[in-house]
file my_file38.txt (compact mmCIF, N, CA and C atoms)
# COMPACT_ATOMS: atom_id res chain seq x y z
N GLN A 1495 26.49 -22.27 -43.12
CA GLN A 1495 27.72 -21.48 -43.18
C GLN A 1495 28.42 -21.48 -41.84
N VAL A 1496 29.73 -21.47 -41.90
CA VAL A 1496 30.58 -21.39 -40.72
C VAL A 1496 31.50 -20.19 -40.88
N GLN A 1497 31.62 -19.41 -39.83
CA GLN A 1497 32.54 -18.27 -39.83
C GLN A 1497 33.70 -18.58 -38.89
N LEU A 1498 34.90 -18.25 -39.36
CA LEU A 1498 36.12 -18.49 -38.60
C LEU A 1498 36.89 -17.18 -38.50
N VAL A 1499 37.27 -16.81 -37.29
CA VAL A 1499 38.02 -15.57 -37.09
C VAL A 1499 39.26 -15.88 -36.26
N GLU A 1500 40.43 -15.71 -36.88
CA GLU A 1500 41.69 -15.97 -36.19
C GLU A 1500 42.17 -14.73 -35.45
N SER A 1501 42.95 -14.96 -34.42
CA SER A 1501 43.61 -13.87 -33.70
C SER A 1501 44.85 -14.45 -33.02
N GLY A 1502 45.72 -13.54 -32.57
CA GLY A 1502 46.87 -13.97 -31.80
C GLY A 1502 48.20 -13.94 -32.52
N GLY A 1503 48.19 -13.62 -33.80
CA GLY A 1503 49.46 -13.54 -34.52
C GLY A 1503 50.26 -12.32 -34.09
N GLY A 1504 51.48 -12.25 -34.57
CA GLY A 1504 52.32 -11.10 -34.25
C GLY A 1504 53.78 -11.38 -34.55
N LEU A 1505 54.61 -10.51 -34.01
CA LEU A 1505 56.06 -10.61 -34.18
C LEU A 1505 56.68 -11.13 -32.89
N VAL A 1506 57.52 -12.13 -33.02
CA VAL A 1506 58.16 -12.73 -31.86
C VAL A 1506 59.58 -13.11 -32.22
N GLN A 1507 60.45 -13.12 -31.25
CA GLN A 1507 61.82 -13.54 -31.49
C GLN A 1507 61.91 -15.06 -31.52
N ALA A 1508 62.92 -15.55 -32.19
CA ALA A 1508 63.16 -16.99 -32.24
C ALA A 1508 63.27 -17.54 -30.81
N GLY A 1509 62.63 -18.68 -30.60
CA GLY A 1509 62.59 -19.27 -29.27
C GLY A 1509 61.38 -18.87 -28.46
N GLY A 1510 60.65 -17.89 -28.94
CA GLY A 1510 59.48 -17.40 -28.22
C GLY A 1510 58.24 -18.23 -28.49
N SER A 1511 57.13 -17.75 -27.95
CA SER A 1511 55.86 -18.47 -28.06
C SER A 1511 54.75 -17.52 -28.48
N LEU A 1512 53.76 -18.10 -29.11
CA LEU A 1512 52.52 -17.40 -29.45
C LEU A 1512 51.38 -18.40 -29.34
N ARG A 1513 50.19 -17.89 -29.05
CA ARG A 1513 49.00 -18.73 -29.09
C ARG A 1513 47.99 -18.12 -30.04
N LEU A 1514 47.63 -18.89 -31.04
CA LEU A 1514 46.62 -18.47 -31.99
C LEU A 1514 45.25 -18.98 -31.54
N SER A 1515 44.24 -18.18 -31.81
CA SER A 1515 42.86 -18.57 -31.49
C SER A 1515 42.03 -18.48 -32.76
N CYS A 1516 41.05 -19.34 -32.85
CA CYS A 1516 40.11 -19.33 -33.97
C CYS A 1516 38.70 -19.45 -33.40
N ALA A 1517 37.99 -18.35 -33.44
CA ALA A 1517 36.61 -18.35 -32.95
C ALA A 1517 35.68 -18.80 -34.06
N THR A 1518 34.83 -19.75 -33.75
CA THR A 1518 33.92 -20.29 -34.76
C THR A 1518 32.48 -19.88 -34.43
N SER A 1519 31.70 -19.70 -35.46
CA SER A 1519 30.29 -19.38 -35.30
C SER A 1519 29.53 -19.88 -36.52
N GLY A 1520 28.23 -19.90 -36.40
CA GLY A 1520 27.39 -20.37 -37.50
C GLY A 1520 27.02 -21.83 -37.32
N SER A 1521 26.93 -22.55 -38.40
CA SER A 1521 26.48 -23.95 -38.40
C SER A 1521 27.65 -24.88 -38.06
N ILE A 1522 28.06 -24.86 -36.81
CA ILE A 1522 29.27 -25.57 -36.41
C ILE A 1522 29.01 -27.03 -36.06
N PHE A 1523 27.75 -27.45 -35.95
CA PHE A 1523 27.48 -28.81 -35.48
C PHE A 1523 27.88 -29.86 -36.50
N GLY A 1524 28.00 -29.48 -37.75
CA GLY A 1524 28.38 -30.43 -38.79
C GLY A 1524 29.87 -30.55 -39.00
N ILE A 1525 30.66 -29.77 -38.26
CA ILE A 1525 32.11 -29.79 -38.45
C ILE A 1525 32.68 -31.10 -37.92
N ASN A 1526 33.49 -31.78 -38.74
CA ASN A 1526 34.09 -33.02 -38.27
C ASN A 1526 35.61 -32.96 -38.19
N LEU A 1527 36.19 -31.88 -38.70
CA LEU A 1527 37.65 -31.74 -38.64
C LEU A 1527 37.99 -30.26 -38.63
N MET A 1528 38.88 -29.87 -37.73
CA MET A 1528 39.38 -28.50 -37.72
C MET A 1528 40.90 -28.53 -37.70
N GLY A 1529 41.48 -27.48 -38.25
CA GLY A 1529 42.93 -27.47 -38.29
C GLY A 1529 43.51 -26.10 -38.54
N TRP A 1530 44.81 -26.04 -38.46
CA TRP A 1530 45.59 -24.85 -38.77
C TRP A 1530 46.49 -25.15 -39.96
N TYR A 1531 46.49 -24.24 -40.90
CA TYR A 1531 47.37 -24.30 -42.05
C TYR A 1531 48.23 -23.03 -42.04
N ARG A 1532 49.30 -23.07 -42.80
CA ARG A 1532 50.12 -21.86 -42.95
C ARG A 1532 50.63 -21.76 -44.37
N GLN A 1533 50.90 -20.53 -44.74
CA GLN A 1533 51.43 -20.27 -46.07
C GLN A 1533 52.49 -19.19 -45.98
N ALA A 1534 53.70 -19.57 -46.32
CA ALA A 1534 54.81 -18.62 -46.35
C ALA A 1534 54.91 -18.03 -47.75
N PRO A 1535 55.52 -16.86 -47.90
CA PRO A 1535 55.63 -16.23 -49.22
C PRO A 1535 56.29 -17.17 -50.23
N GLY A 1536 55.65 -17.33 -51.36
CA GLY A 1536 56.21 -18.14 -52.42
C GLY A 1536 56.07 -19.64 -52.21
N LYS A 1537 55.37 -20.02 -51.16
CA LYS A 1537 55.21 -21.46 -50.87
C LYS A 1537 53.73 -21.85 -50.86
N ARG A 1538 53.51 -23.12 -50.96
CA ARG A 1538 52.14 -23.64 -50.93
C ARG A 1538 51.61 -23.66 -49.49
N ARG A 1539 50.31 -23.55 -49.39
CA ARG A 1539 49.69 -23.66 -48.08
C ARG A 1539 49.88 -25.10 -47.58
N GLU A 1540 50.25 -25.23 -46.30
CA GLU A 1540 50.51 -26.55 -45.76
C GLU A 1540 49.78 -26.74 -44.43
N LEU A 1541 49.45 -27.99 -44.15
CA LEU A 1541 48.81 -28.32 -42.89
C LEU A 1541 49.83 -28.23 -41.76
N VAL A 1542 49.44 -27.59 -40.68
CA VAL A 1542 50.28 -27.51 -39.49
C VAL A 1542 49.79 -28.53 -38.46
N ALA A 1543 48.51 -28.51 -38.16
CA ALA A 1543 47.94 -29.42 -37.17
C ALA A 1543 46.45 -29.51 -37.38
N SER A 1544 45.88 -30.65 -37.01
CA SER A 1544 44.45 -30.82 -37.13
C SER A 1544 43.93 -31.63 -35.95
N ILE A 1545 42.64 -31.46 -35.68
CA ILE A 1545 41.98 -32.21 -34.62
C ILE A 1545 40.59 -32.58 -35.11
N SER A 1546 40.26 -33.84 -34.99
CA SER A 1546 38.96 -34.29 -35.45
C SER A 1546 37.91 -34.16 -34.35
N SER A 1547 36.67 -34.38 -34.71
CA SER A 1547 35.58 -34.30 -33.73
C SER A 1547 35.73 -35.38 -32.66
N SER A 1548 36.43 -36.46 -32.98
CA SER A 1548 36.67 -37.52 -32.00
C SER A 1548 37.92 -37.27 -31.17
N GLY A 1549 38.65 -36.20 -31.49
CA GLY A 1549 39.84 -35.86 -30.73
C GLY A 1549 41.14 -36.35 -31.32
N ARG A 1550 41.09 -36.96 -32.48
CA ARG A 1550 42.32 -37.42 -33.11
C ARG A 1550 43.12 -36.22 -33.60
N ILE A 1551 44.41 -36.20 -33.26
CA ILE A 1551 45.28 -35.05 -33.57
C ILE A 1551 46.38 -35.47 -34.53
N ASN A 1552 46.69 -34.57 -35.43
CA ASN A 1552 47.74 -34.80 -36.40
C ASN A 1552 48.60 -33.55 -36.50
N PHE A 1553 49.93 -33.73 -36.57
CA PHE A 1553 50.85 -32.61 -36.69
C PHE A 1553 51.75 -32.79 -37.89
N ALA A 1554 52.15 -31.69 -38.49
CA ALA A 1554 53.23 -31.73 -39.47
C ALA A 1554 54.52 -32.08 -38.75
N ASP A 1555 55.39 -32.80 -39.41
CA ASP A 1555 56.65 -33.22 -38.79
C ASP A 1555 57.46 -32.00 -38.32
N SER A 1556 57.36 -30.92 -39.05
CA SER A 1556 58.18 -29.74 -38.75
C SER A 1556 57.79 -29.05 -37.44
N VAL A 1557 56.62 -29.36 -36.91
CA VAL A 1557 56.18 -28.68 -35.68
C VAL A 1557 55.98 -29.65 -34.51
N LYS A 1558 56.17 -30.93 -34.74
CA LYS A 1558 55.98 -31.90 -33.67
C LYS A 1558 56.90 -31.60 -32.49
N GLY A 1559 56.32 -31.66 -31.30
CA GLY A 1559 57.10 -31.37 -30.10
C GLY A 1559 57.17 -29.90 -29.75
N ARG A 1560 56.74 -29.03 -30.67
CA ARG A 1560 56.79 -27.58 -30.41
C ARG A 1560 55.40 -26.96 -30.37
N PHE A 1561 54.49 -27.47 -31.17
CA PHE A 1561 53.14 -26.90 -31.27
C PHE A 1561 52.14 -27.87 -30.65
N THR A 1562 51.09 -27.33 -30.08
CA THR A 1562 49.97 -28.13 -29.63
C THR A 1562 48.67 -27.52 -30.15
N ILE A 1563 47.71 -28.37 -30.43
CA ILE A 1563 46.40 -27.92 -30.90
C ILE A 1563 45.36 -28.36 -29.88
N SER A 1564 44.43 -27.50 -29.61
CA SER A 1564 43.38 -27.83 -28.65
C SER A 1564 42.12 -27.07 -29.00
N ARG A 1565 41.04 -27.44 -28.37
CA ARG A 1565 39.77 -26.75 -28.62
C ARG A 1565 39.00 -26.62 -27.32
N ASP A 1566 38.25 -25.57 -27.23
CA ASP A 1566 37.36 -25.35 -26.10
C ASP A 1566 35.95 -25.37 -26.67
N ASN A 1567 35.26 -26.47 -26.48
CA ASN A 1567 33.94 -26.62 -27.08
C ASN A 1567 32.93 -25.63 -26.48
N ALA A 1568 33.12 -25.29 -25.23
CA ALA A 1568 32.20 -24.35 -24.59
C ALA A 1568 32.32 -22.96 -25.21
N LYS A 1569 33.52 -22.62 -25.66
CA LYS A 1569 33.75 -21.30 -26.25
C LYS A 1569 33.76 -21.36 -27.77
N ASN A 1570 33.58 -22.56 -28.33
CA ASN A 1570 33.63 -22.71 -29.80
C ASN A 1570 34.91 -22.12 -30.37
N THR A 1571 36.01 -22.42 -29.74
CA THR A 1571 37.29 -21.85 -30.12
C THR A 1571 38.35 -22.92 -30.28
N LEU A 1572 39.13 -22.78 -31.32
CA LEU A 1572 40.27 -23.66 -31.59
C LEU A 1572 41.54 -22.88 -31.29
N TYR A 1573 42.53 -23.57 -30.74
CA TYR A 1573 43.79 -22.91 -30.38
C TYR A 1573 44.97 -23.62 -31.04
N LEU A 1574 46.02 -22.85 -31.22
CA LEU A 1574 47.31 -23.41 -31.62
C LEU A 1574 48.37 -22.75 -30.74
N GLN A 1575 48.92 -23.52 -29.84
CA GLN A 1575 50.01 -23.04 -28.99
C GLN A 1575 51.32 -23.34 -29.69
N MET A 1576 52.08 -22.30 -29.93
CA MET A 1576 53.33 -22.45 -30.66
C MET A 1576 54.48 -22.06 -29.76
N ASN A 1577 55.34 -23.01 -29.47
CA ASN A 1577 56.52 -22.78 -28.62
C ASN A 1577 57.79 -23.00 -29.43
N SER A 1578 58.89 -22.51 -28.89
CA SER A 1578 60.20 -22.67 -29.55
C SER A 1578 60.12 -22.27 -31.01
N LEU A 1579 59.55 -21.13 -31.26
CA LEU A 1579 59.35 -20.69 -32.64
C LEU A 1579 60.67 -20.44 -33.36
N LYS A 1580 60.65 -20.74 -34.64
CA LYS A 1580 61.82 -20.59 -35.50
C LYS A 1580 61.49 -19.62 -36.63
N PRO A 1581 62.50 -18.99 -37.21
CA PRO A 1581 62.23 -18.09 -38.34
C PRO A 1581 61.46 -18.77 -39.46
N GLU A 1582 61.69 -20.05 -39.67
CA GLU A 1582 60.99 -20.78 -40.73
C GLU A 1582 59.51 -21.02 -40.42
N ASP A 1583 59.07 -20.67 -39.23
CA ASP A 1583 57.65 -20.73 -38.91
C ASP A 1583 56.91 -19.48 -39.39
N THR A 1584 57.64 -18.51 -39.87
CA THR A 1584 57.03 -17.28 -40.37
C THR A 1584 56.09 -17.58 -41.53
N ALA A 1585 54.84 -17.15 -41.40
CA ALA A 1585 53.83 -17.42 -42.41
C ALA A 1585 52.52 -16.77 -42.00
N VAL A 1586 51.57 -16.78 -42.90
CA VAL A 1586 50.19 -16.47 -42.54
C VAL A 1586 49.54 -17.78 -42.12
N TYR A 1587 48.94 -17.76 -40.96
CA TYR A 1587 48.30 -18.96 -40.42
C TYR A 1587 46.79 -18.86 -40.59
N TYR A 1588 46.22 -19.92 -41.11
CA TYR A 1588 44.79 -19.96 -41.40
C TYR A 1588 44.11 -21.06 -40.60
N CYS A 1589 42.96 -20.72 -40.09
CA CYS A 1589 42.09 -21.71 -39.45
C CYS A 1589 41.20 -22.34 -40.51
N ASN A 1590 40.96 -23.63 -40.38
CA ASN A 1590 40.16 -24.36 -41.36
C ASN A 1590 39.16 -25.26 -40.64
N ALA A 1591 37.98 -25.36 -41.20
CA ALA A 1591 36.96 -26.27 -40.69
C ALA A 1591 36.34 -27.04 -41.84
N LYS A 1592 36.17 -28.32 -41.64
CA LYS A 1592 35.61 -29.17 -42.70
C LYS A 1592 34.34 -29.85 -42.18
N SER A 1593 33.32 -29.82 -43.01
CA SER A 1593 32.14 -30.63 -42.79
C SER A 1593 31.86 -31.35 -44.10
N THR A 1594 30.92 -32.23 -44.12
CA THR A 1594 30.69 -33.03 -45.31
C THR A 1594 30.37 -32.12 -46.50
N GLY A 1595 31.28 -32.12 -47.46
CA GLY A 1595 31.07 -31.34 -48.67
C GLY A 1595 31.44 -29.88 -48.60
N TYR A 1596 31.92 -29.42 -47.43
CA TYR A 1596 32.25 -28.00 -47.28
C TYR A 1596 33.62 -27.84 -46.64
N ASP A 1597 34.24 -26.73 -47.01
CA ASP A 1597 35.58 -26.39 -46.53
C ASP A 1597 35.57 -24.90 -46.21
N TYR A 1598 35.81 -24.55 -44.96
CA TYR A 1598 35.73 -23.14 -44.54
C TYR A 1598 37.11 -22.66 -44.10
N TRP A 1599 37.37 -21.37 -44.39
CA TRP A 1599 38.66 -20.77 -44.05
C TRP A 1599 38.46 -19.44 -43.34
N GLY A 1600 39.37 -19.16 -42.42
CA GLY A 1600 39.42 -17.83 -41.83
C GLY A 1600 40.23 -16.91 -42.72
N GLN A 1601 40.36 -15.67 -42.27
CA GLN A 1601 41.05 -14.67 -43.09
C GLN A 1601 42.57 -14.73 -42.94
N GLY A 1602 43.04 -15.44 -41.93
CA GLY A 1602 44.47 -15.58 -41.72
C GLY A 1602 45.02 -14.58 -40.72
N THR A 1603 46.09 -14.97 -40.05
CA THR A 1603 46.79 -14.09 -39.12
C THR A 1603 48.29 -14.27 -39.34
N GLN A 1604 48.99 -13.15 -39.39
CA GLN A 1604 50.42 -13.19 -39.70
C GLN A 1604 51.24 -13.53 -38.46
N VAL A 1605 52.15 -14.46 -38.63
CA VAL A 1605 53.13 -14.80 -37.59
C VAL A 1605 54.50 -14.56 -38.18
N THR A 1606 55.27 -13.71 -37.52
CA THR A 1606 56.62 -13.40 -37.97
C THR A 1606 57.60 -13.71 -36.84
N VAL A 1607 58.58 -14.54 -37.14
CA VAL A 1607 59.59 -14.92 -36.15
C VAL A 1607 60.93 -14.35 -36.59
N SER A 1608 61.48 -13.50 -35.78
CA SER A 1608 62.76 -12.87 -36.11
C SER A 1608 63.92 -13.68 -35.52
N SER A 1609 65.02 -13.64 -36.24
CA SER A 1609 66.19 -14.43 -35.79
C SER A 1609 67.09 -13.62 -34.87

call {"tool": "encode", "arguments": {"input": "my_file38.txt", "output": "structure tokens"}}
result
Amino acid sequence: QVQLVESGGGLVQAGGSLRLSCATSGSIFGINLMGWYRQAPGKRRELVASISSSGRINFADSVKGRFTISRDNAKNTLYLQMNSLKPEDTAVYYCNAKSTGYDYWGQGTQVTVSS
């Protein structure tokens, strides 16, 4: 089992920044991919960014150039730095971890961007 706990969400004005954190614990050695997803009201959950165990990074087109994803292996923590935030970035953001045959999710953290 892997436990994921997100933090760092909140209310910010358009153009502002936030940094989300995802603390991981449990059987983390089998994780081969971690990422951030988001879900806005009435919309499907979508991938925002991911990072593999080899360091390969992938971003959604809508956040390229504004968001960065990183991890601190010593702290077992995944980060999402979000800059130049837009109202359309408003959503619940979820941390995700994948290992062979398993898919783990955090409880989500709300990000609200006001115009």

call {"tool": "closest_residue", "arguments": {"input": "my_file38.txt", "among": "A:Thr1594, A:Ser1515, A:Ser1578, A:Gln1507", "to": "Ser1556 in chain A", "atoms": "only C-alpha atoms"}}
result
A:Ser1578

call {"tool": "atom_distance", "arguments": {"input": "my_file38.txt", "atom1": "CA of Lys1580 in chain A", "atom2": "CA of Gly1602 in chain A"}}
result
19.1 Å

call {"tool": "residues_around", "arguments": {"input": "my_file38.txt", "residues": "Gln1495 in chain A", "least_positions_apart": "2", "cutoff": "5 Å", "atoms": "all atoms listed in the file", "output": "tab-separated table (two decimals) with N, CA and C atoms, keeping the file's coordinate frame"}}
result
chain	number	residue	atom	x	y	z
A	1497	GLN	N	31.62	-19.41	-39.83
A	1497	GLN	CA	32.54	-18.27	-39.83
A	1497	GLN	C	33.70	-18.58	-38.89
A	1520	GLY	N	28.23	-19.90	-36.40
A	1520	GLY	CA	27.39	-20.37	-37.50
A	1520	GLY	C	27.02	-21.83	-37.32
A	1521	SER	N	26.93	-22.55	-38.40
A	1521	SER	CA	26.48	-23.95	-38.40
A	1521	SER	C	27.65	-24.88	-38.06

call {"tool": "closest_atom_pairs", "arguments": {"input": "my_file38.txt", "of": "range 1512-1577 of chain A", "to": "range 1606-1609 of chain A", "cutoff": "12 Å", "atoms": "only C-alpha atoms", "output": "tab-separated table"}}
result
residue	atom	partner	partner_atom	distance
A:Leu1512	CA	A:Val1607	CA	10.1
A:Arg1532	CA	A:Thr1606	CA	11.8
A:Gln1533	CA	A:Thr1606	CA	11.8
A:Ala1534	CA	A:Thr1606	CA	10.0
A:Pro1535	CA	A:Thr1606	CA	11.6
A:Met1576	CA	A:Val1607	CA	11.2
A:Asn1577	CA	A:Val1607	CA	11.3

call {"tool": "select_by_dssp", "arguments": {"input": "my_file38.txt", "residues": "chain A", "states": "helix (DSSP H, G or I)", "output": "list in words"}}
result
Ile1522, Phe1523, Gly1524, Asp1555, Ser1556, Val1557, Pro1581, Glu1582 and Asp1583 of chain A

call {"tool": "atom_distance", "arguments": {"input": "my_file38.txt", "atom1": "atom C of Thr1584 in chain A", "atom2": "atom N of Thr1518 in chain A"}}
result
22.7 Å

call {"tool": "atom_distance", "arguments": {"input": "my_file38.txt", "atom1": "CA of Ser1501 in chain A", "atom2": "CA of Ser1548 in chain A"}}
result
24.7 Å

call {"tool": "build_atoms", "arguments": {"input": "my_file38.txt", "residues": "range 1542-1560 of chain A", "atoms": "N, CA, C and O atoms", "output": "mmCIF file, keeping the file's coordinate frame"}}
result
data_model
loop_
_atom_site.group_PDB
_atom_site.id
_atom_site.type_symbol
_atom_site.label_atom_id
_atom_site.label_comp_id
_atom_site.auth_asym_id
_atom_site.auth_seq_id
_atom_site.Cartn_x
_atom_site.Cartn_y
_atom_site.Cartn_z
ATOM 1 N N VAL A 1542 49.440 -27.590 -40.680
ATOM 2 C CA VAL A 1542 50.280 -27.510 -39.490
ATOM 3 C C VAL A 1542 49.790 -28.530 -38.460
ATOM 4 O O VAL A 1542 50.585 -29.307 -37.928
ATOM 5 N N ALA A 1543 48.510 -28.510 -38.160
ATOM 6 C CA ALA A 1543 47.940 -29.420 -37.170
ATOM 7 C C ALA A 1543 46.450 -29.510 -37.380
ATOM 8 O O ALA A 1543 45.824 -28.565 -37.875
ATOM 9 N N SER A 1544 45.880 -30.650 -37.010
ATOM 10 C CA SER A 1544 44.450 -30.820 -37.130
ATOM 11 C C SER A 1544 43.930 -31.630 -35.950
ATOM 12 O O SER A 1544 44.670 -32.385 -35.318
ATOM 13 N N ILE A 1545 42.640 -31.460 -35.680
ATOM 14 C CA ILE A 1545 41.980 -32.210 -34.620
ATOM 15 C C ILE A 1545 40.590 -32.580 -35.110
ATOM 16 O O ILE A 1545 39.842 -31.721 -35.604
ATOM 17 N N SER A 1546 40.260 -33.840 -34.990
ATOM 18 C CA SER A 1546 38.960 -34.290 -35.450
ATOM 19 C C SER A 1546 37.910 -34.160 -34.350
ATOM 20 O O SER A 1546 38.237 -33.895 -33.190
ATOM 21 N N SER A 1547 36.670 -34.380 -34.710
ATOM 22 C CA SER A 1547 35.580 -34.300 -33.730
ATOM 23 C C SER A 1547 35.730 -35.380 -32.660
ATOM 24 O O SER A 1547 35.228 -35.216 -31.544
ATOM 25 N N SER A 1548 36.430 -36.460 -32.980
ATOM 26 C CA SER A 1548 36.670 -37.520 -32.000
ATOM 27 C C SER A 1548 37.920 -37.270 -31.170
ATOM 28 O O SER A 1548 38.230 -38.056 -30.274
ATOM 29 N N GLY A 1549 38.650 -36.200 -31.490
ATOM 30 C CA GLY A 1549 39.840 -35.860 -30.730
ATOM 31 C C GLY A 1549 41.140 -36.350 -31.320
ATOM 32 O O GLY A 1549 42.205 -36.174 -30.709
ATOM 33 N N ARG A 1550 41.090 -36.960 -32.480
ATOM 34 C CA ARG A 1550 42.320 -37.420 -33.110
ATOM 35 C C ARG A 1550 43.120 -36.220 -33.600
ATOM 36 O O ARG A 1550 42.593 -35.357 -34.302
ATOM 37 N N ILE A 1551 44.410 -36.200 -33.260
ATOM 38 C CA ILE A 1551 45.280 -35.050 -33.570
ATOM 39 C C ILE A 1551 46.380 -35.470 -34.530
ATOM 40 O O ILE A 1551 46.932 -36.571 -34.424
ATOM 41 N N ASN A 1552 46.690 -34.570 -35.430
ATOM 42 C CA ASN A 1552 47.740 -34.800 -36.400
ATOM 43 C C ASN A 1552 48.600 -33.550 -36.500
ATOM 44 O O ASN A 1552 48.075 -32.427 -36.493
ATOM 45 N N PHE A 1553 49.930 -33.730 -36.570
ATOM 46 C CA PHE A 1553 50.850 -32.610 -36.690
ATOM 47 C C PHE A 1553 51.750 -32.790 -37.890
ATOM 48 O O PHE A 1553 52.137 -33.907 -38.235
ATOM 49 N N ALA A 1554 52.150 -31.690 -38.490
ATOM 50 C CA ALA A 1554 53.230 -31.730 -39.470
ATOM 51 C C ALA A 1554 54.520 -32.080 -38.750
ATOM 52 O O ALA A 1554 54.722 -31.681 -37.590
ATOM 53 N N ASP A 1555 55.390 -32.800 -39.410
ATOM 54 C CA ASP A 1555 56.650 -33.220 -38.790
ATOM 55 C C ASP A 1555 57.460 -32.000 -38.320
ATOM 56 O O ASP A 1555 58.143 -32.071 -37.301
ATOM 57 N N SER A 1556 57.360 -30.920 -39.050
ATOM 58 C CA SER A 1556 58.180 -29.740 -38.750
ATOM 59 C C SER A 1556 57.790 -29.050 -37.440
ATOM 60 O O SER A 1556 58.566 -28.247 -36.923
ATOM 61 N N VAL A 1557 56.620 -29.360 -36.910
ATOM 62 C CA VAL A 1557 56.180 -28.680 -35.680
ATOM 63 C C VAL A 1557 55.980 -29.650 -34.510
ATOM 64 O O VAL A 1557 55.659 -29.201 -33.407
ATOM 65 N N LYS A 1558 56.170 -30.930 -34.740
ATOM 66 C CA LYS A 1558 55.980 -31.900 -33.670
ATOM 67 C C LYS A 1558 56.900 -31.600 -32.490
ATOM 68 O O LYS A 1558 58.075 -31.316 -32.676
ATOM 69 N N GLY A 1559 56.320 -31.660 -31.300
ATOM 70 C CA GLY A 1559 57.100 -31.370 -30.100
ATOM 71 C C GLY A 1559 57.170 -29.900 -29.750
ATOM 72 O O GLY A 1559 57.615 -29.543 -28.655
ATOM 73 N N ARG A 1560 56.740 -29.030 -30.670
ATOM 74 C CA ARG A 1560 56.790 -27.580 -30.410
ATOM 75 C C ARG A 1560 55.400 -26.960 -30.370
ATOM 76 O O ARG A 1560 55.156 -26.003 -29.621
#
